[in-house]
Amino acid sequence: MSKKLPVFTLGVEEEYQIIDPITRDLRSHLSKIVDGAKTILNEQVKAEMHQSVVEVGTNICKNIHEAEAEIKSLRGHIVDLADRQGLIVGGAGTHPFSKWQDQPITDDPRYHNIINEMQDAARSNLIFGMHCHVGIENREIGLQLMNQACYFLPHIFAISTNSPFWEGRNTGYKSYRTKVFDKFPRTGLPEYFDSVSSYDDFLDTLVKTNCIDNPKKIWWDLRLHPFYDTIEFRICDMCLTVDETICIVAIIQAIVAKLYKLSLHNMSFNVYRLALIKENKFRAARYGIDGHMIDFGLHKEVETKMLIVELLEFIDDVVDELGSREKINYVYEIMKNGTGADKQLAVFEATNDLTKVVDFITSEFSKGL
């Protein structure tokens, strides 16, 4: 008799662009949106380093349907509060043409400390992501799942790509956001750790030697959270629509659930060389879902979309128990119609006008609310 899966709770964080409706440039909201939201949403909303960014986070959600309802509610509240300030909201990994040099920094000791330490690497970090926490039974299990899930990060990332422009240029990447973030230390793919104690020893060493003042300053694409029983997927660009966010979150939850199910049967997924996974991450950043990635088992490159279909087959036996099949199947729409990056590029190709791209980003943000 097969064992029932535990509840893999979800927490989703999104970073929103606050935009001037006239210039379509990023615009400081002077904390008015965050302060207004806190009267309604309490700690679910907070300011980010740049004053034109608002970060939101769901409560702990028992399933993908709760997560979807919360994301819709959060987006709706922020759109309403921005409208009261004469501003609009968008979702993308980078703004098409805003320059980081023009964006004021939030007056907060935490951000002042980061700027003091990393200087222009921090000031120029004008990027927007989507993070997904998946609850696990304990951190020891979480670490083993993290080691195995690392293989799937480029697949998830390719689906999320939504940042082709940077400071008014078509970068040639489907996700330039990751290239900007690479300037930070302790970013990118996570190392392999054989136990929680070795992982915690690593964090402790960084704190003791003043590399970091707290363990949350590990900004890997996937991390075992230092304080909560979650593993946190941080590789994704901020998505255009709720449907895209929820599809990707559902896939992430299903990957964790499938890897856990394998462990119940004394099996595990292969842990591959980090250098090989980095090759696939680069290809995902450069080409999104339209390129090729390495099939490590076959030792050949195959179409990225084929690997995504293989991923769907891999997780198929857990999605009904999670109740997420409908949400996951939206990935076929993404593969048919393109990622956020593909859609942004199509608008620019048709108009040769980046303000039209911003208009598209802001209109898609509220879609389905």
# chains A, B, ... in the order shown; residues from 1 in each chain; ligands from 1

$ residues_around --residues "region 311-319 of chain A" --least-positions-apart "6" --cutoff "8 Å" --atoms "only C-alpha atoms" --output "list in words"
Ala254, Ile255, Ala257, Lys258 and Arg325 of chain A

$ residues_around --residues "Thr245 (chain A)" --least-positions-apart "2" --cutoff "10 Å" --atoms "only C-alpha atoms" --output "PyMOL selection string"
chain A and resi 12+14+67-68+71+130-132+160+236-243+247-250+327

$ write_last_selection --atoms "N, CA, C and O atoms" --output "short mmCIF file (atom, residue, chain, number, x, y, z; two decimals), in the first residue's frame"
data_model
loop_
_atom_site.label_atom_id
_atom_site.label_comp_id
_atom_site.auth_asym_id
_atom_site.auth_seq_id
_atom_site.Cartn_x
_atom_site.Cartn_y
_atom_site.Cartn_z
N VAL A 12 4.82 31.97 -1.18
CA VAL A 12 5.28 32.59 -2.42
C VAL A 12 5.57 34.06 -2.18
O VAL A 12 4.78 34.77 -1.55
N GLU A 14 6.70 37.65 -4.26
CA GLU A 14 6.84 38.31 -5.55
C GLU A 14 7.34 39.73 -5.34
O GLU A 14 7.00 40.38 -4.35
N ALA A 67 -2.61 29.25 -2.45
CA ALA A 67 -1.54 30.14 -2.93
C ALA A 67 -2.04 31.04 -4.04
O ALA A 67 -1.75 32.24 -4.08
N GLU A 68 -2.83 30.50 -4.96
CA GLU A 68 -3.36 31.29 -6.05
C GLU A 68 -4.28 32.41 -5.53
O GLU A 68 -4.18 33.56 -5.97
N ILE A 71 -2.09 35.15 -3.93
CA ILE A 71 -1.36 35.96 -4.91
C ILE A 71 -2.30 36.92 -5.62
O ILE A 71 -1.99 38.11 -5.84
N MET A 130 10.75 35.98 -8.22
CA MET A 130 9.69 35.24 -7.54
C MET A 130 10.33 34.09 -6.79
O MET A 130 11.09 33.31 -7.37
N HIS A 131 10.05 34.01 -5.49
CA HIS A 131 10.61 32.95 -4.66
C HIS A 131 9.49 32.05 -4.16
O HIS A 131 8.39 32.52 -3.88
N CYS A 132 9.78 30.77 -4.06
CA CYS A 132 8.79 29.79 -3.59
C CYS A 132 9.39 28.95 -2.48
O CYS A 132 10.41 28.28 -2.67
N SER A 160 10.32 30.45 -16.54
CA SER A 160 10.06 31.74 -15.88
C SER A 160 10.70 32.93 -16.58
O SER A 160 10.42 34.08 -16.21
N CYS A 236 13.75 31.99 -10.10
CA CYS A 236 12.80 32.45 -11.12
C CYS A 236 12.76 33.96 -11.26
O CYS A 236 12.82 34.70 -10.27
N ASP A 237 12.58 34.41 -12.49
CA ASP A 237 12.22 35.80 -12.76
C ASP A 237 10.81 36.07 -12.22
O ASP A 237 9.99 35.16 -12.12
N MET A 238 10.54 37.33 -11.91
CA MET A 238 9.17 37.74 -11.61
C MET A 238 8.31 37.49 -12.84
O MET A 238 8.69 37.85 -13.96
N CYS A 239 7.15 36.89 -12.64
CA CYS A 239 6.28 36.49 -13.76
C CYS A 239 5.32 37.61 -14.16
O CYS A 239 4.91 38.42 -13.32
N LEU A 240 4.93 37.60 -15.42
CA LEU A 240 3.95 38.56 -15.92
C LEU A 240 2.60 38.39 -15.24
O LEU A 240 2.00 39.35 -14.77
N THR A 241 2.08 37.15 -15.22
CA THR A 241 0.70 36.90 -14.80
C THR A 241 0.64 35.98 -13.60
O THR A 241 1.59 35.24 -13.29
N VAL A 242 -0.51 35.99 -12.94
CA VAL A 242 -0.76 35.05 -11.84
C VAL A 242 -0.70 33.62 -12.36
O VAL A 242 -0.13 32.73 -11.69
N ASP A 243 -1.27 33.35 -13.53
CA ASP A 243 -1.28 32.00 -14.07
C ASP A 243 0.13 31.43 -14.21
O ASP A 243 0.37 30.26 -13.92
N CYS A 247 1.53 28.30 -12.02
CA CYS A 247 2.01 27.12 -12.75
C CYS A 247 3.40 26.71 -12.28
O CYS A 247 3.65 25.54 -11.98
N ILE A 248 4.30 27.68 -12.18
CA ILE A 248 5.68 27.38 -11.79
C ILE A 248 5.74 26.92 -10.34
O ILE A 248 6.45 25.97 -10.00
N VAL A 249 4.97 27.56 -9.47
CA VAL A 249 4.94 27.16 -8.05
C VAL A 249 4.42 25.73 -7.93
O VAL A 249 4.94 24.93 -7.15
N ALA A 250 3.39 25.39 -8.70
CA ALA A 250 2.84 24.04 -8.66
C ALA A 250 3.87 23.00 -9.13
O ALA A 250 3.97 21.90 -8.56
N LYS A 327 -3.29 23.41 -12.78
CA LYS A 327 -2.35 24.53 -12.73
C LYS A 327 -1.05 24.19 -13.44
O LYS A 327 -0.47 25.02 -14.16
#

$ closest_atom_pairs --of "region 228-306 of chain A" --to "region 168-181 of chain A" --cutoff "10 Å" --atoms "only C-alpha atoms" --output "tab-separated table"
residue	atom	partner	partner_atom	distance
A:Ile235	CA	A:Thr178	CA	8.1
A:Cys236	CA	A:Thr178	CA	9.0
A:Asp237	CA	A:Arg177	CA	7.1
A:Met238	CA	A:Arg177	CA	9.6
A:Lys281	CA	A:Thr178	CA	9.7
A:Phe282	CA	A:Thr178	CA	9.4
A:Arg283	CA	A:Tyr173	CA	9.3
A:Ala284	CA	A:Lys174	CA	7.7
A:Ala285	CA	A:Ser175	CA	4.8
A:Arg286	CA	A:Tyr173	CA	4.3
A:Tyr287	CA	A:Lys174	CA	5.7
A:Gly288	CA	A:Lys174	CA	5.5
A:Ile289	CA	A:Lys174	CA	9.0
A:Asp290	CA	A:Lys174	CA	9.7

$ write_last_selection --atoms "all heavy atoms" --output "tab-separated table (two decimals), in the first residue's frame"
chain	number	residue	atom	x	y	z
A	235	ILE	N	15.33	30.99	-8.05
A	235	ILE	CA	15.94	31.17	-9.37
A	235	ILE	C	15.05	31.92	-10.35
A	235	ILE	O	15.52	32.46	-11.34
A	235	ILE	CB	16.34	29.80	-9.96
A	235	ILE	CG1	17.33	30.00	-11.13
A	235	ILE	CG2	15.12	28.99	-10.37
A	235	ILE	CD1	17.98	28.71	-11.60
A	236	CYS	N	13.75	31.99	-10.10
A	236	CYS	CA	12.80	32.45	-11.12
A	236	CYS	C	12.76	33.96	-11.26
A	236	CYS	O	12.82	34.70	-10.27
A	236	CYS	CB	11.40	31.95	-10.80
A	236	CYS	SG	11.24	30.16	-10.88
A	237	ASP	N	12.58	34.41	-12.49
A	237	ASP	CA	12.22	35.80	-12.76
A	237	ASP	C	10.81	36.07	-12.22
A	237	ASP	O	9.99	35.16	-12.12
A	237	ASP	CB	12.21	36.08	-14.27
A	237	ASP	CG	13.60	36.31	-14.85
A	237	ASP	OD1	14.58	36.25	-14.10
A	237	ASP	OD2	13.68	36.54	-16.07
A	238	MET	N	10.54	37.33	-11.91
A	238	MET	CA	9.17	37.74	-11.61
A	238	MET	C	8.31	37.49	-12.84
A	238	MET	O	8.69	37.85	-13.96
A	238	MET	CB	9.17	39.22	-11.21
A	238	MET	CG	7.80	39.80	-10.98
A	238	MET	SD	6.93	39.02	-9.63
A	238	MET	CE	5.25	39.42	-10.10
A	281	LYS	N	21.86	26.05	-16.88
A	281	LYS	CA	21.35	27.33	-16.40
A	281	LYS	C	21.70	28.45	-17.38
A	281	LYS	O	20.85	29.31	-17.68
A	281	LYS	CB	21.90	27.67	-15.02
A	281	LYS	CG	21.37	28.99	-14.48
A	281	LYS	CD	22.00	29.40	-13.16
A	281	LYS	CE	21.53	30.80	-12.76
A	281	LYS	NZ	22.16	31.29	-11.53
A	282	PHE	N	22.92	28.45	-17.90
A	282	PHE	CA	23.30	29.47	-18.89
A	282	PHE	C	22.40	29.38	-20.11
A	282	PHE	O	21.93	30.39	-20.64
A	282	PHE	CB	24.76	29.32	-19.31
A	282	PHE	CG	25.08	30.14	-20.53
A	282	PHE	CD1	25.26	31.51	-20.43
A	282	PHE	CD2	25.14	29.55	-21.78
A	282	PHE	CE1	25.52	32.28	-21.55
A	282	PHE	CE2	25.40	30.31	-22.92
A	282	PHE	CZ	25.59	31.67	-22.80
A	283	ARG	N	22.15	28.17	-20.59
A	283	ARG	CA	21.31	28.00	-21.78
A	283	ARG	C	19.89	28.49	-21.52
A	283	ARG	O	19.26	29.08	-22.40
A	283	ARG	CB	21.31	26.54	-22.21
A	283	ARG	CG	22.66	26.06	-22.75
A	283	ARG	CD	22.68	24.56	-22.96
A	283	ARG	NE	23.97	24.11	-23.46
A	283	ARG	CZ	24.11	23.28	-24.50
A	283	ARG	NH1	23.06	22.84	-25.15
A	283	ARG	NH2	25.32	22.90	-24.88
A	284	ALA	N	19.39	28.24	-20.31
A	284	ALA	CA	18.05	28.72	-19.96
A	284	ALA	C	18.01	30.24	-19.93
A	284	ALA	O	17.07	30.86	-20.43
A	284	ALA	CB	17.62	28.15	-18.61
A	285	ALA	N	19.04	30.87	-19.37
A	285	ALA	CA	19.10	32.33	-19.32
A	285	ALA	C	19.20	32.92	-20.72
A	285	ALA	O	18.56	33.93	-21.02
A	285	ALA	CB	20.29	32.78	-18.48
A	286	ARG	N	19.96	32.30	-21.56
A	286	ARG	CA	20.20	32.83	-22.91
A	286	ARG	C	19.00	32.60	-23.84
A	286	ARG	O	18.58	33.50	-24.56
A	286	ARG	CB	21.46	32.16	-23.49
A	286	ARG	CG	21.78	32.50	-24.93
A	286	ARG	CD	22.19	33.94	-25.14
A	286	ARG	NE	22.56	34.16	-26.53
A	286	ARG	CZ	21.71	34.43	-27.52
A	286	ARG	NH1	20.42	34.52	-27.25
A	286	ARG	NH2	22.14	34.60	-28.75
A	287	TYR	N	18.46	31.40	-23.82
A	287	TYR	CA	17.47	31.03	-24.84
A	287	TYR	C	16.07	30.74	-24.29
A	287	TYR	O	15.15	30.52	-25.08
A	287	TYR	CB	17.95	29.79	-25.61
A	287	TYR	CG	19.29	29.97	-26.27
A	287	TYR	CD1	20.43	29.37	-25.75
A	287	TYR	CD2	19.41	30.76	-27.41
A	287	TYR	CE1	21.68	29.54	-26.36
A	287	TYR	CE2	20.65	30.93	-28.03
A	287	TYR	CZ	21.78	30.33	-27.50
A	287	TYR	OH	23.00	30.50	-28.10
A	288	GLY	N	15.90	30.72	-22.96
A	288	GLY	CA	14.60	30.38	-22.40
A	288	GLY	C	14.18	28.98	-22.78
A	288	GLY	O	14.99	28.03	-22.72
A	289	ILE	N	12.92	28.82	-23.21
A	289	ILE	CA	12.41	27.49	-23.56
A	289	ILE	C	12.69	27.13	-25.02
A	289	ILE	O	12.36	26.02	-25.46
A	289	ILE	CB	10.90	27.38	-23.28
A	289	ILE	CG1	10.11	28.42	-24.08
A	289	ILE	CG2	10.62	27.49	-21.79
A	289	ILE	CD1	8.59	28.27	-23.95
A	290	ASP	N	13.29	28.05	-25.78
A	290	ASP	CA	13.46	27.83	-27.21
A	290	ASP	C	14.82	27.25	-27.59
A	290	ASP	O	15.09	27.03	-28.77
A	290	ASP	CB	13.25	29.14	-27.98
A	290	ASP	CG	11.79	29.57	-27.98
A	290	ASP	OD1	10.92	28.69	-27.97
A	290	ASP	OD2	11.53	30.79	-27.94

$ atom_distance --atom1 "CA of Glu333 (chain A)" --atom2 "CA of Ile308 (chain A)"
12.7 Å
